[in-house]
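Trainee: This is input.json, which holds JSON, C-alpha atoms:
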```
[["chain", "number", "residue", "atom", "x", "y", "z"],
["A", 127, "MET", "CA", -11.03, 3.41, 37.31],
["A", 128, "ASP", "CA", -7.77, 2.19, 35.74],
["A", 129, "GLU", "CA", -7.36, 1.89, 31.98],
["A", 130, "SER", "CA", -7.75, -1.91, 31.81],
["A", 131, "ASN", "CA", -11.06, -1.82, 33.72],
["A", 132, "ASN", "CA", -12.24, 1.09, 31.59],
["A", 133, "LEU", "CA", -11.36, -0.84, 28.42],
["A", 134, "LYS", "CA", -13.19, -3.93, 29.69],
["A", 135, "ARG", "CA", -16.30, -1.86, 30.45],
["A", 136, "ILE", "CA", -16.28, -0.23, 27.00],
["A", 137, "LEU", "CA", -15.84, -3.58, 25.25],
["A", 138, "GLU", "CA", -18.73, -5.12, 27.20],
["A", 139, "GLN", "CA", -20.93, -2.21, 26.11],
["A", 140, "ALA", "CA", -19.66, -2.52, 22.52],
["A", 141, "ASP", "CA", -20.40, -6.26, 22.41],
["A", 142, "ASP", "CA", -23.85, -5.64, 23.87],
["A", 143, "ALA", "CA", -24.62, -2.97, 21.25],
["A", 144, "PHE", "CA", -23.37, -5.33, 18.53],
["A", 145, "GLU", "CA", -25.61, -8.16, 19.75],
["A", 146, "LYS", "CA", -28.60, -5.79, 19.67],
["A", 147, "GLY", "CA", -27.73, -4.64, 16.15],
["A", 148, "ASP", "CA", -27.17, -1.08, 17.33],
["A", 149, "TRP", "CA", -24.37, -0.51, 14.83],
["A", 150, "GLU", "CA", -23.85, 3.20, 15.44],
["A", 151, "ASP", "CA", -23.27, 2.69, 19.17],
["A", 152, "ALA", "CA", -21.17, -0.41, 18.53],
["A", 153, "ILE", "CA", -18.92, 1.52, 16.12],
["A", 154, "ASP", "CA", -18.54, 4.39, 18.58],
["A", 155, "LEU", "CA", -17.68, 2.06, 21.46],
["A", 156, "TYR", "CA", -15.29, -0.17, 19.49],
["A", 157, "SER", "CA", -13.60, 3.00, 18.21],
["A", 158, "GLN", "CA", -13.15, 4.20, 21.80],
["A", 159, "ALA", "CA", -11.69, 0.82, 22.76],
["A", 160, "TYR", "CA", -9.38, 0.82, 19.73],
["A", 161, "SER", "CA", -8.05, 4.24, 20.66],
["A", 162, "ILE", "CA", -7.12, 2.85, 24.09],
["A", 163, "LYS", "CA", -5.60, -0.42, 22.87],
["A", 164, "GLN", "CA", -5.16, -1.65, 19.31],
["A", 165, "THR", "CA", -5.73, -5.40, 19.16],
["A", 166, "PHE", "CA", -6.80, -7.82, 16.43],
["A", 167, "SER", "CA", -9.94, -8.72, 18.38],
["A", 168, "ILE", "CA", -11.12, -5.10, 18.73],
["A", 169, "ASN", "CA", -10.20, -4.47, 15.09],
["A", 170, "GLN", "CA", -12.52, -7.31, 14.04],
["A", 171, "GLY", "CA", -15.36, -5.98, 16.18],
["A", 172, "LEU", "CA", -15.04, -2.48, 14.70],
["A", 173, "ALA", "CA", -14.72, -3.76, 11.11],
["A", 174, "SER", "CA", -17.72, -6.08, 11.50],
["A", 175, "ALA", "CA", -19.88, -3.29, 12.96],
["A", 176, "LEU", "CA", -18.90, -0.97, 10.11],
["A", 177, "LEU", "CA", -19.77, -3.65, 7.54],
["A", 178, "ASN", "CA", -23.16, -4.22, 9.16],
["A", 179, "GLN", "CA", -23.75, -0.47, 8.96],
["A", 180, "LYS", "CA", -23.10, -0.77, 5.18],
["A", 181, "ASN", "CA", -19.85, 1.16, 5.53],
["A", 182, "ALA", "CA", -17.54, -1.27, 3.73],
["A", 183, "ASP", "CA", -15.12, 1.47, 2.69],
["A", 184, "GLN", "CA", -14.23, 2.37, 6.28],
["A", 185, "ALA", "CA", -14.32, -1.29, 7.30],
["A", 186, "GLU", "CA", -11.66, -2.05, 4.69],
["A", 187, "ALA", "CA", -9.48, 0.79, 5.97],
["A", 188, "VAL", "CA", -9.74, -0.71, 9.47],
["A", 189, "ILE", "CA", -8.78, -4.29, 8.53],
["A", 190, "LEU", "CA", -5.66, -3.08, 6.73],
["A", 191, "ASP", "CA", -4.10, -2.47, 10.18],
["A", 192, "TYR", "CA", -4.01, -6.24, 10.72],
["A", 193, "PHE", "CA", -4.33, -7.54, 7.19],
["A", 194, "ASN", "CA", -1.80, -10.38, 7.48],
["A", 195, "TYR", "CA", -3.73, -11.64, 10.51],
["A", 196, "TYR", "CA", -6.96, -11.58, 8.51],
["A", 197, "LEU", "CA", -5.39, -13.59, 5.71],
["A", 198, "SER", "CA", -4.40, -16.47, 7.99],
["A", 199, "ASP", "CA", -7.30, -16.62, 10.48],
["A", 200, "PRO", "CA", -10.23, -18.62, 9.01],
["A", 201, "GLU", "CA", -13.07, -16.63, 10.65],
["A", 202, "ALA", "CA", -11.37, -13.28, 10.13],
["A", 203, "ALA", "CA", -10.65, -14.19, 6.49],
["A", 204, "LYS", "CA", -14.39, -14.65, 5.91],
["A", 205, "LEU", "CA", -15.01, -11.18, 7.32],
["A", 206, "ALA", "CA", -12.25, -9.71, 5.14],
["A", 207, "VAL", "CA", -13.76, -11.31, 2.03],
["A", 208, "ASP", "CA", -17.21, -9.93, 2.90],
["A", 209, "ILE", "CA", -15.75, -6.44, 3.33],
["A", 210, "VAL", "CA", -13.57, -6.42, 0.21],
["A", 211, "VAL", "CA", -16.29, -7.81, -2.07],
["A", 212, "GLU", "CA", -18.95, -5.49, -0.60],
["A", 213, "ASN", "CA", -16.57, -2.59, -1.22],
["A", 214, "ASN", "CA", -16.11, -3.65, -4.88],
["A", 215, "ASP", "CA", -12.35, -3.64, -4.32],
["A", 216, "TYR", "CA", -11.50, -6.22, -6.95],
["A", 217, "LEU", "CA", -7.84, -5.24, -6.97],
["A", 218, "LEU", "CA", -7.45, -6.26, -3.32],
["A", 219, "ALA", "CA", -9.69, -9.31, -3.82],
["A", 220, "ASN", "CA", -7.53, -10.59, -6.68],
["A", 221, "GLN", "CA", -4.36, -9.82, -4.73],
["A", 222, "MET", "CA", -5.74, -11.92, -1.86],
["A", 223, "LEU", "CA", -6.46, -14.77, -4.26],
["A", 224, "HIS", "CA", -2.90, -14.57, -5.60],
["A", 225, "PHE", "CA", -1.57, -14.62, -2.04],
["A", 226, "TYR", "CA", -3.47, -17.84, -1.34],
["A", 227, "GLU", "CA", -2.16, -19.38, -4.57],
["A", 228, "GLU", "CA", 1.41, -18.61, -3.53],
["A", 229, "ASN", "CA", 1.05, -19.40, 0.19],
["A", 230, "LYS", "CA", -0.61, -22.64, 1.22],
["A", 231, "LEU", "CA", -1.78, -21.99, 4.77],
["A", 232, "SER", "CA", -2.84, -24.87, 7.01],
["A", 233, "THR", "CA", -5.54, -22.67, 8.55],
["A", 234, "ILE", "CA", -7.19, -21.78, 5.22],
["A", 235, "LYS", "CA", -9.07, -24.60, 3.46],
["A", 236, "GLN", "CA", -9.09, -24.95, -0.33],
["A", 237, "GLU", "CA", -12.90, -24.95, -0.26],
["A", 238, "PHE", "CA", -12.83, -21.43, 1.20],
["A", 239, "ILE", "CA", -10.44, -20.25, -1.55],
["A", 240, "ASP", "CA", -12.57, -21.83, -4.30],
["A", 241, "ASP", "CA", -15.72, -20.21, -2.92],
["A", 242, "PHE", "CA", -13.89, -16.87, -2.62],
["A", 243, "LYS", "CA", -12.70, -17.08, -6.24],
["A", 244, "ALA", "CA", -16.21, -17.91, -7.53],
["A", 245, "ARG", "CA", -17.70, -15.10, -5.46],
["A", 246, "VAL", "CA", -15.23, -12.53, -6.83],
["A", 247, "LYS", "CA", -15.90, -13.63, -10.42],
["A", 248, "LEU", "CA", -19.68, -13.41, -9.97],
["A", 249, "SER", "CA", -19.42, -10.05, -8.18],
["A", 250, "GLU", "CA", -17.15, -8.62, -10.90],
["A", 251, "GLU", "CA", -19.58, -9.69, -13.63],
["A", 252, "ARG", "CA", -22.56, -8.15, -11.84],
["A", 253, "HIS", "CA", -20.70, -4.95, -11.00],
["A", 254, "ASN", "CA", -19.43, -4.50, -14.57],
["A", 255, "ARG", "CA", -22.97, -4.40, -15.96],
["A", 256, "SER", "CA", -23.72, -1.13, -14.20],
["A", 257, "PHE", "CA", -20.13, 0.10, -13.92],
["A", 258, "LYS", "CA", -19.21, -0.04, -17.64],
["A", 259, "PRO", "CA", -20.16, 3.58, -18.53],
["A", 260, "LYS", "CA", -18.11, 4.87, -15.58],
["A", 261, "MET", "CA", -15.29, 2.48, -16.46],
["A", 262, "SER", "CA", -15.12, 3.89, -20.01],
["A", 263, "LYS", "CA", -15.04, 7.45, -18.63],
["A", 264, "ILE", "CA", -12.19, 6.58, -16.22],
["A", 265, "ILE", "CA", -10.12, 4.92, -18.97],
["A", 266, "LYS", "CA", -10.56, 8.03, -21.12],
["A", 267, "GLU", "CA", -9.49, 10.29, -18.26],
["A", 268, "LEU", "CA", -6.32, 8.24, -17.73],
["A", 269, "ASN", "CA", -4.98, 9.50, -21.05],
["A", 270, "SER", "CA", -4.98, 13.07, -19.73],
["A", 271, "ILE", "CA", -4.24, 12.29, -16.09],
["A", 272, "VAL", "CA", -1.17, 14.54, -15.87],
["A", 273, "THR", "CA", -3.32, 17.62, -16.52],
["A", 274, "MET", "CA", -5.10, 17.02, -13.20],
["A", 275, "SER", "CA", -4.07, 18.03, -9.69],
["A", 276, "VAL", "CA", -2.08, 15.41, -7.74],
["A", 277, "VAL", "CA", -5.08, 14.79, -5.46],
["A", 278, "ASP", "CA", -7.31, 14.10, -8.47],
["A", 279, "GLN", "CA", -4.65, 11.85, -10.02],
["A", 280, "ILE", "CA", -4.51, 9.79, -6.83],
["A", 281, "GLN", "CA", -8.31, 9.53, -6.72],
["A", 282, "LEU", "CA", -8.49, 8.51, -10.37],
["A", 283, "ILE", "CA", -5.92, 5.74, -9.86],
["A", 284, "ARG", "CA", -7.68, 4.57, -6.70],
["A", 285, "SER", "CA", -10.93, 4.29, -8.68],
["A", 286, "LEU", "CA", -9.26, 1.53, -10.71],
["A", 287, "ARG", "CA", -9.66, -0.75, -7.70],
["A", 288, "GLU", "CA", -13.23, -1.39, -8.90],
["A", 289, "PHE", "CA", -11.96, -2.74, -12.23],
["A", 290, "ASP", "CA", -11.80, -6.45, -12.91],
["A", 291, "ARG", "CA", -8.30, -7.87, -13.29],
["A", 292, "ASP", "CA", -8.07, -7.64, -17.11],
["A", 293, "HIS", "CA", -9.32, -4.06, -17.31],
["A", 294, "TYR", "CA", -7.06, -3.05, -14.42],
["A", 295, "LEU", "CA", -4.00, -4.36, -16.26],
["A", 296, "GLN", "CA", -5.11, -2.54, -19.42],
["A", 297, "CYS", "CA", -5.09, 0.72, -17.44],
["A", 298, "VAL", "CA", -1.77, -0.05, -15.79],
["A", 299, "LYS", "CA", -0.11, -0.06, -19.22],
["A", 300, "ILE", "CA", -1.44, 3.44, -19.96],
["A", 301, "LEU", "CA", -0.11, 4.74, -16.65],
["A", 302, "LEU", "CA", 3.33, 3.13, -16.73],
["A", 303, "GLU", "CA", 4.05, 4.27, -20.28],
["A", 304, "ASN", "CA", 3.17, 7.91, -19.51],
["A", 305, "PRO", "CA", 6.52, 9.78, -19.30],
["A", 306, "LEU", "CA", 4.99, 12.62, -17.25],
["A", 307, "LEU", "CA", 3.21, 10.61, -14.55],
["A", 308, "HIS", "CA", 4.78, 11.08, -11.13],
["A", 309, "PRO", "CA", 7.22, 8.25, -10.20],
["A", 310, "LEU", "CA", 5.50, 7.71, -6.82],
["A", 311, "LEU", "CA", 2.22, 6.95, -8.60],
["A", 312, "LYS", "CA", 3.97, 4.59, -11.00],
["A", 313, "SER", "CA", 5.66, 2.74, -8.14],
["A", 314, "GLU", "CA", 2.31, 2.27, -6.36],
["A", 315, "VAL", "CA", 0.73, 0.90, -9.53],
["A", 316, "LEU", "CA", 3.68, -1.39, -10.21],
["A", 317, "GLU", "CA", 3.72, -2.78, -6.68],
["A", 318, "ASN", "CA", 0.00, -3.53, -7.03],
["A", 319, "VAL", "CA", 0.70, -5.39, -10.28],
["A", 320, "PHE", "CA", 3.36, -7.46, -8.51],
["A", 321, "LYS", "CA", 0.83, -8.40, -5.81],
["A", 322, "LEU", "CA", -1.64, -9.49, -8.51],
["A", 323, "GLY", "CA", 0.84, -12.09, -9.74],
["A", 324, "THR", "CA", 0.68, -11.17, -13.41],
["A", 325, "THR", "CA", 3.44, -12.67, -15.56],
["A", 326, "GLU", "CA", 3.08, -10.30, -18.53],
["A", 327, "LYS", "CA", 6.10, -8.06, -19.11],
["A", 328, "LEU", "CA", 5.26, -4.35, -19.09],
["A", 329, "GLN", "CA", 6.71, -1.24, -20.70],
["A", 330, "ILE", "CA", 7.57, 1.66, -18.39],
["A", 331, "SER", "CA", 8.87, 5.17, -18.97],
["A", 332, "PHE", "CA", 11.54, 5.57, -16.30],
["A", 333, "TYR", "CA", 13.26, 8.98, -16.03],
["A", 334, "GLY", "CA", 13.32, 9.48, -19.79],
["A", 335, "GLU", "CA", 14.15, 5.88, -20.68],
["A", 336, "ASN", "CA", 11.78, 3.25, -22.03],
["A", 337, "LYS", "CA", 12.31, 0.03, -20.09],
["A", 338, "VAL", "CA", 10.71, -3.38, -19.70],
["A", 339, "VAL", "CA", 9.55, -4.70, -16.32],
["A", 340, "ASP", "CA", 9.08, -8.37, -15.52],
["A", 341, "PRO", "CA", 6.57, -8.39, -12.62],
["A", 342, "THR", "CA", 7.66, -11.90, -11.60],
["A", 343, "LYS", "CA", 11.10, -10.49, -10.69],
["A", 344, "LEU", "CA", 9.77, -7.71, -8.47],
["A", 345, "LYS", "CA", 9.68, -7.38, -4.68],
["A", 346, "PRO", "CA", 7.61, -5.04, -2.51],
["A", 347, "ILE", "CA", 9.26, -1.59, -2.34],
["A", 348, "MET", "CA", 10.20, -1.99, 1.31],
["A", 349, "SER", "CA", 11.82, -5.36, 0.59],
["A", 350, "THR", "CA", 14.08, -4.06, -2.18],
["A", 351, "ASP", "CA", 17.84, -4.31, -1.69],
["A", 352, "VAL", "CA", 18.43, -0.55, -1.93],
["A", 353, "TYR", "CA", 15.87, 0.24, 0.77],
["A", 354, "LEU", "CA", 17.09, -2.47, 3.15],
["A", 355, "GLU", "CA", 20.74, -1.49, 2.67],
["A", 356, "MET", "CA", 19.96, 2.19, 3.33],
["A", 357, "CYS", "CA", 18.06, 1.24, 6.49],
["A", 358, "ASP", "CA", 20.92, -0.99, 7.65],
["A", 359, "GLU", "CA", 23.36, 1.89, 7.26],
["A", 360, "LEU", "CA", 20.95, 4.28, 8.96],
["A", 361, "GLU", "CA", 20.74, 2.02, 12.00],
["A", 362, "LYS", "CA", 24.51, 1.50, 12.12],
["A", 363, "ILE", "CA", 25.15, 5.25, 12.15],
["A", 364, "LEU", "CA", 22.36, 6.05, 14.61],
["A", 365, "VAL", "CA", 22.87, 2.94, 16.75],
["A", 366, "ASP", "CA", 23.00, 4.99, 19.96],
["A", 367, "THR", "CA", 19.93, 7.09, 19.29],
["A", 368, "GLU", "CA", 17.09, 6.83, 21.76],
["A", 369, "ASN", "CA", 14.76, 8.84, 19.55],
["A", 370, "GLN", "CA", 12.77, 6.03, 17.92],
["A", 371, "VAL", "CA", 10.25, 8.45, 16.41],
["A", 372, "GLN", "CA", 13.05, 10.27, 14.58],
["A", 373, "LEU", "CA", 14.47, 6.95, 13.37],
["A", 374, "GLU", "CA", 11.08, 5.86, 12.06],
["A", 375, "ASN", "CA", 10.61, 9.21, 10.27],
["A", 376, "LEU", "CA", 14.01, 8.84, 8.61],
["A", 377, "ARG", "CA", 13.17, 5.30, 7.50],
["A", 378, "SER", "CA", 9.91, 6.61, 6.09],
["A", 379, "GLU", "CA", 11.73, 9.25, 4.04],
["A", 380, "LEU", "CA", 14.19, 6.66, 2.75],
["A", 381, "SER", "CA", 11.23, 4.55, 1.66],
["A", 382, "LEU", "CA", 10.17, 7.48, -0.55],
["A", 383, "TYR", "CA", 13.60, 7.41, -2.21],
["A", 384, "ALA", "CA", 13.21, 3.66, -2.75],
["A", 385, "ALA", "CA", 9.76, 4.23, -4.26],
["A", 386, "LEU", "CA", 11.04, 6.98, -6.56],
["A", 387, "VAL", "CA", 13.55, 4.58, -8.14],
["A", 388, "TYR", "CA", 11.31, 1.48, -8.16],
["A", 389, "PRO", "CA", 11.79, -0.97, -9.83],
["A", 390, "PHE", "CA", 15.31, -0.10, -11.03],
["A", 391, "GLY", "CA", 16.70, 1.15, -7.74],
["A", 392, "SER", "CA", 20.26, -0.10, -8.09],
["A", 393, "GLU", "CA", 20.67, 1.78, -11.40],
["A", 394, "ILE", "CA", 20.30, 5.10, -9.57],
["A", 395, "ILE", "CA", 21.09, 4.31, -5.93],
["A", 396, "LYS", "CA", 24.33, 2.57, -6.83],
["A", 397, "THR", "CA", 25.91, 2.98, -3.39],
["A", 398, "PRO", "CA", 23.19, 2.88, -0.69],
["A", 399, "ILE", "CA", 25.75, 3.56, 2.06],
["A", 400, "LEU", "CA", 26.83, 6.83, 0.45],
["A", 401, "TRP", "CA", 23.22, 7.81, -0.20],
["A", 402, "THR", "CA", 22.38, 7.29, 3.47],
["A", 403, "LYS", "CA", 25.35, 9.36, 4.62],
["A", 404, "VAL", "CA", 24.48, 12.24, 2.29],
["A", 405, "PHE", "CA", 20.88, 11.99, 3.46],
["A", 406, "LEU", "CA", 21.92, 12.22, 7.13],
["A", 407, "LEU", "CA", 24.38, 15.04, 6.42],
["A", 408, "ARG", "CA", 21.48, 17.16, 5.20],
["A", 409, "TYR", "CA", 19.77, 16.71, 8.58],
["A", 410, "GLY", "CA", 22.94, 17.59, 10.49],
["A", 411, "LEU", "CA", 23.24, 14.02, 11.81],
["A", 412, "LEU", "CA", 26.68, 13.57, 10.22],
["A", 413, "ASP", "CA", 29.43, 16.06, 9.48],
["A", 414, "GLU", "CA", 31.11, 16.68, 6.13],
["A", 415, "SER", "CA", 34.29, 14.77, 7.05],
["A", 416, "GLN", "CA", 32.26, 11.56, 7.43],
["A", 417, "VAL", "CA", 30.88, 11.84, 3.90],
["A", 418, "GLY", "CA", 33.79, 13.11, 1.82],
["A", 419, "ASP", "CA", 33.79, 14.62, -1.64],
["A", 420, "SER", "CA", 33.80, 12.72, -4.92],
["A", 421, "LEU", "CA", 32.20, 12.68, -8.34],
["A", 422, "GLU", "CA", 29.75, 10.06, -7.08],
["A", 423, "ARG", "CA", 28.87, 12.32, -4.13],
["A", 424, "LYS", "CA", 28.01, 15.12, -6.56],
["A", 425, "GLU", "CA", 25.81, 12.73, -8.54],
["A", 426, "VAL", "CA", 23.99, 11.68, -5.33],
["A", 427, "ASP", "CA", 23.49, 15.35, -4.38],
["A", 428, "ASN", "CA", 21.95, 16.02, -7.79],
["A", 429, "TRP", "CA", 19.59, 13.07, -7.55],
["A", 430, "ILE", "CA", 18.51, 13.93, -3.98],
["A", 431, "GLU", "CA", 17.82, 17.51, -5.06],
["A", 432, "ARG", "CA", 15.71, 16.15, -7.90],
["A", 433, "PHE", "CA", 13.89, 13.79, -5.51],
["A", 434, "ASP", "CA", 13.20, 16.65, -3.07],
["A", 435, "SER", "CA", 11.53, 18.53, -5.90],
["A", 436, "LEU", "CA", 9.45, 15.48, -6.86],
["A", 437, "ILE", "CA", 8.39, 14.86, -3.25],
["A", 438, "ASN", "CA", 7.47, 18.52, -2.78],
["A", 439, "SER", "CA", 5.40, 18.55, -5.98],
["A", 440, "PHE", "CA", 3.60, 15.42, -4.83],
["A", 441, "GLN", "CA", 2.70, 16.93, -1.47],
["A", 442, "GLN", "CA", 1.32, 20.20, -2.83]]
```
For this file, produce the structure as structure tokens.
Mentor:
Amino acid sequence: MDESNNLKRILEQADDAFEKGDWEDAIDLYSQAYSIKQTFSINQGLASALLNQKNADQAEAVILDYFNYYLSDPEAAKLAVDIVVENNDYLLANQMLHFYEENKLSTIKQEFIDDFKARVKLSEERHNRSFKPKMSKIIKELNSIVTMSVVDQIQLIRSLREFDRDHYLQCVKILLENPLLHPLLKSEVLENVFKLGTTEKLQISFYGENKVVDPTKLKPIMSTDVYLEMCDELEKILVDTENQVQLENLRSELSLYAALVYPFGSEIIKTPILWTKVFLLRYGLLDESQVGDSLERKEVDNWIERFDSLINSFQQ
């Protein structure tokens, strides 16, 4: 049996299990289908089965593969709202609401957005009644977050997704002002603030300097000028490469550099072209004559060495 017929057979069985409410079999079959071919339709089937099995956490992880599709498709958007609210992910819920405020989509009716907003508010209020003791404990732990392992720091910050918008922003201030918190964690928090649409200016400790961030002036990390310019140079230099996996891995590493200097990238990565060349030199993809020697080159070397150390400490 060829792959397309096999996929069709599995999907028919998955749909049948779904109709019967046999969620475990439906999840298993949709997962098999998704491993053969990733499509928006199969993604919805798998996410819906997971939600019906009361596994909203995994369902949310699944829909993130096609999240922009979910935002613009009316039926899929309803499923996404069900999943996000059931998962008590009020950070993502409020980011979705901000997205709809900023992007008027012909496919999404205002009535749906109003109902979504009211549902989030009611869910937050109900959740906070039982969540308050845990919320207080988490806020207290944030003040000593840097004494924890990196894994525990990540988990603690992820737990903030259950906070309502005001309490989340209160915690963000604690994190951004901490001079010892890892820059990659700060950049994740700051990008989330940008997606919330807050207009309040925030203090941030940035490599020993106290700075002010205006969230309304931010872009997503992978839309920043320094990242895009480094990627442009990368593609110019490796224009003849047929190794797309290698190219994607290199882009991924450059995105870490962009995250480490977010949101003041141009203050450190002053010459993205030079940074990219030094970066490629270290992988043996350029030779020394193509990079040259200068005071700026030495400064880039020092920063990259520092970034390597930060990346290594984050991965341990």
Trainee: For Leu407 in chain A, please output as a list in words all residues within 10 Å (counting only C-alpha atoms; exclusion window: fewer than 6 positions along the same chain).
Mentor: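 Non-adjacent residues within range: Trp401, Asp413, Glu414, Ser415, Gln416 and Val417 of chain A.
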Trainee: Considering all atoms listed in the file, state which residue in the set A:Trp149, A:Tyr156, A:Phe390, A:Tyr294 is at the smallest distance from Ile136 in chain A.
Mentor: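 Nearest to Ile136 in chain A: A:Tyr156.
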Trainee: Using all atoms listed in the file, find the one residue out of A:Arg287, A:Lys180, A:Asn214, A:Gln281 that sits nearest to His253 in chain A.
Mentor: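 That would be A:Asn214, the residue with the smallest distance to His253 in chain A.
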Trainee: Suppose you want the space between CA of Glu186 in chain A and CA of Ser439 in chain A; what is it in Å?
Mentor: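 Between CA of Glu186 in chain A and CA of Ser439 in chain A the gap is 28.8 Å.
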Trainee: Pick out the residues sitting within 9 Å of Phe405 in chain A, and hand them over as a list in words; count all atoms listed in the file, and ignore anything fewer than 4 positions along from it in its own chain.
Mentor: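 The filter keeps Leu380, Leu400, Trp401, Tyr409, Leu411, Asp427 and Ile430 of chain A.
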Trainee: Give me the residues of range 288-402 of chain A that have any atom at most 12 Å from an atom of range 419-426 of chain A; for each, the nearest atom pair and the distance in Å, rounded to one decimal. Use all atoms listed in the file, sort by chain and number, and format it as CSV.
Mentor:
```
residue,atom,partner,partner_atom,distance
A:Tyr383,CA,A:Val426,CA,11.7
A:Ile394,CA,A:Val426,CA,8.7
A:Ile395,CA,A:Val426,CA,7.9
A:Lys396,CA,A:Val426,CA,9.2
A:Thr397,CA,A:Glu422,CA,8.9
A:Pro398,CA,A:Val426,CA,10.0
A:Ile399,CA,A:Val426,CA,11.1
A:Leu400,CA,A:Arg423,CA,7.4
A:Trp401,CA,A:Val426,CA,6.5
A:Thr402,CA,A:Val426,CA,10.0
```
Trainee: Mind checking which residues fall within 12 Å of Gln164 in chain A, counting all atoms listed in the file, ignoring those fewer than 4 positions away in the same chain, and posting them as a VMD selection string?
Mentor: chain A and resid 133 156 to 160 168 to 172 188 to 189 191 to 192
Trainee: If I take CA of Ile347 in chain A and CA of Glu317 in chain A, how far is one from the other in Å, to one decimal?
Mentor: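 Computing the Euclidean distance for CA of Ile347 in chain A and CA of Glu317 in chain A yields 7.1 Å.
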Trainee: Quick one: residues within 12 Å of Asn181 in chain A, all atoms listed in the file, excluding same-chain residues fewer than 4 positions away - as an mmCIF file with C-alpha atoms, in the coordinates of the input?
Mentor:
```
data_model
loop_
_atom_site.group_PDB
_atom_site.id
_atom_site.type_symbol
_atom_site.label_atom_id
_atom_site.label_comp_id
_atom_site.auth_asym_id
_atom_site.auth_seq_id
_atom_site.Cartn_x
_atom_site.Cartn_y
_atom_site.Cartn_z
ATOM 1 C CA TRP A 149 -24.370 -0.510 14.830
ATOM 2 C CA GLU A 150 -23.850 3.200 15.440
ATOM 3 C CA ILE A 153 -18.920 1.520 16.120
ATOM 4 C CA LEU A 172 -15.040 -2.480 14.700
ATOM 5 C CA ALA A 173 -14.720 -3.760 11.110
ATOM 6 C CA SER A 174 -17.720 -6.080 11.500
ATOM 7 C CA ALA A 175 -19.880 -3.290 12.960
ATOM 8 C CA LEU A 176 -18.900 -0.970 10.110
ATOM 9 C CA LEU A 177 -19.770 -3.650 7.540
ATOM 10 C CA ALA A 185 -14.320 -1.290 7.300
ATOM 11 C CA GLU A 186 -11.660 -2.050 4.690
ATOM 12 C CA ALA A 187 -9.480 0.790 5.970
ATOM 13 C CA VAL A 188 -9.740 -0.710 9.470
ATOM 14 C CA ASP A 208 -17.210 -9.930 2.900
ATOM 15 C CA ILE A 209 -15.750 -6.440 3.330
ATOM 16 C CA VAL A 210 -13.570 -6.420 0.210
ATOM 17 C CA GLU A 212 -18.950 -5.490 -0.600
ATOM 18 C CA ASN A 213 -16.570 -2.590 -1.220
#
```
Trainee: Quick one, how far is CA of Ser198 in chain A from CA of Thr233 in chain A?
Mentor: 6.3 Å
Trainee: Would you mind telling me which residue in A:Leu155, A:Val387, A:Lys362, A:Gly334 lies nearest to Asp141 in chain A when using all atoms listed in the file?
Mentor: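 Closest residue, counting all atoms listed in the file: A:Leu155.
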Trainee: Please determine, counting all atoms listed in the file, which residue among A:Val339, A:Ile280, A:Leu268, A:Leu218 has the shortest atom-to-atom distance to Ile300 in chain A.
Mentor: A:Leu268
Trainee: Would you kindly return, as an mmCIF file with C-alpha atoms, in the coordinates of the input, each protein, DNA or RNA residue with an atom no farther than 7 Å from any atom of range 320-322 of chain A, considering all atoms listed in the file and excluding same-chain residues fewer than 5 positions away?
Mentor:
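The resulting file, result_19.cif, is reproduced below:
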```
data_model
loop_
_atom_site.group_PDB
_atom_site.id
_atom_site.type_symbol
_atom_site.label_atom_id
_atom_site.label_comp_id
_atom_site.auth_asym_id
_atom_site.auth_seq_id
_atom_site.Cartn_x
_atom_site.Cartn_y
_atom_site.Cartn_z
ATOM 1 C CA ASN A 220 -7.530 -10.590 -6.680
ATOM 2 C CA GLN A 221 -4.360 -9.820 -4.730
ATOM 3 C CA HIS A 224 -2.900 -14.570 -5.600
ATOM 4 C CA PRO A 341 6.570 -8.390 -12.620
ATOM 5 C CA THR A 342 7.660 -11.900 -11.600
ATOM 6 C CA LEU A 344 9.770 -7.710 -8.470
#
```
Trainee: For Lys230 in chain A, which residue out of A:Leu197, A:Leu282, A:Leu295, A:Met261 is the nearest one, using all atoms listed in the file?
Mentor: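 Ranked by minimum distance to Lys230 in chain A, first place goes to A:Leu197.
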Trainee: Which one is closest to Ser249 in chain A: A:Leu205, A:Ile162, A:Leu354, A:Ala219? Count only C-alpha atoms.
Mentor: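 Smallest distance to Ser249 in chain A is found for A:Ala219.
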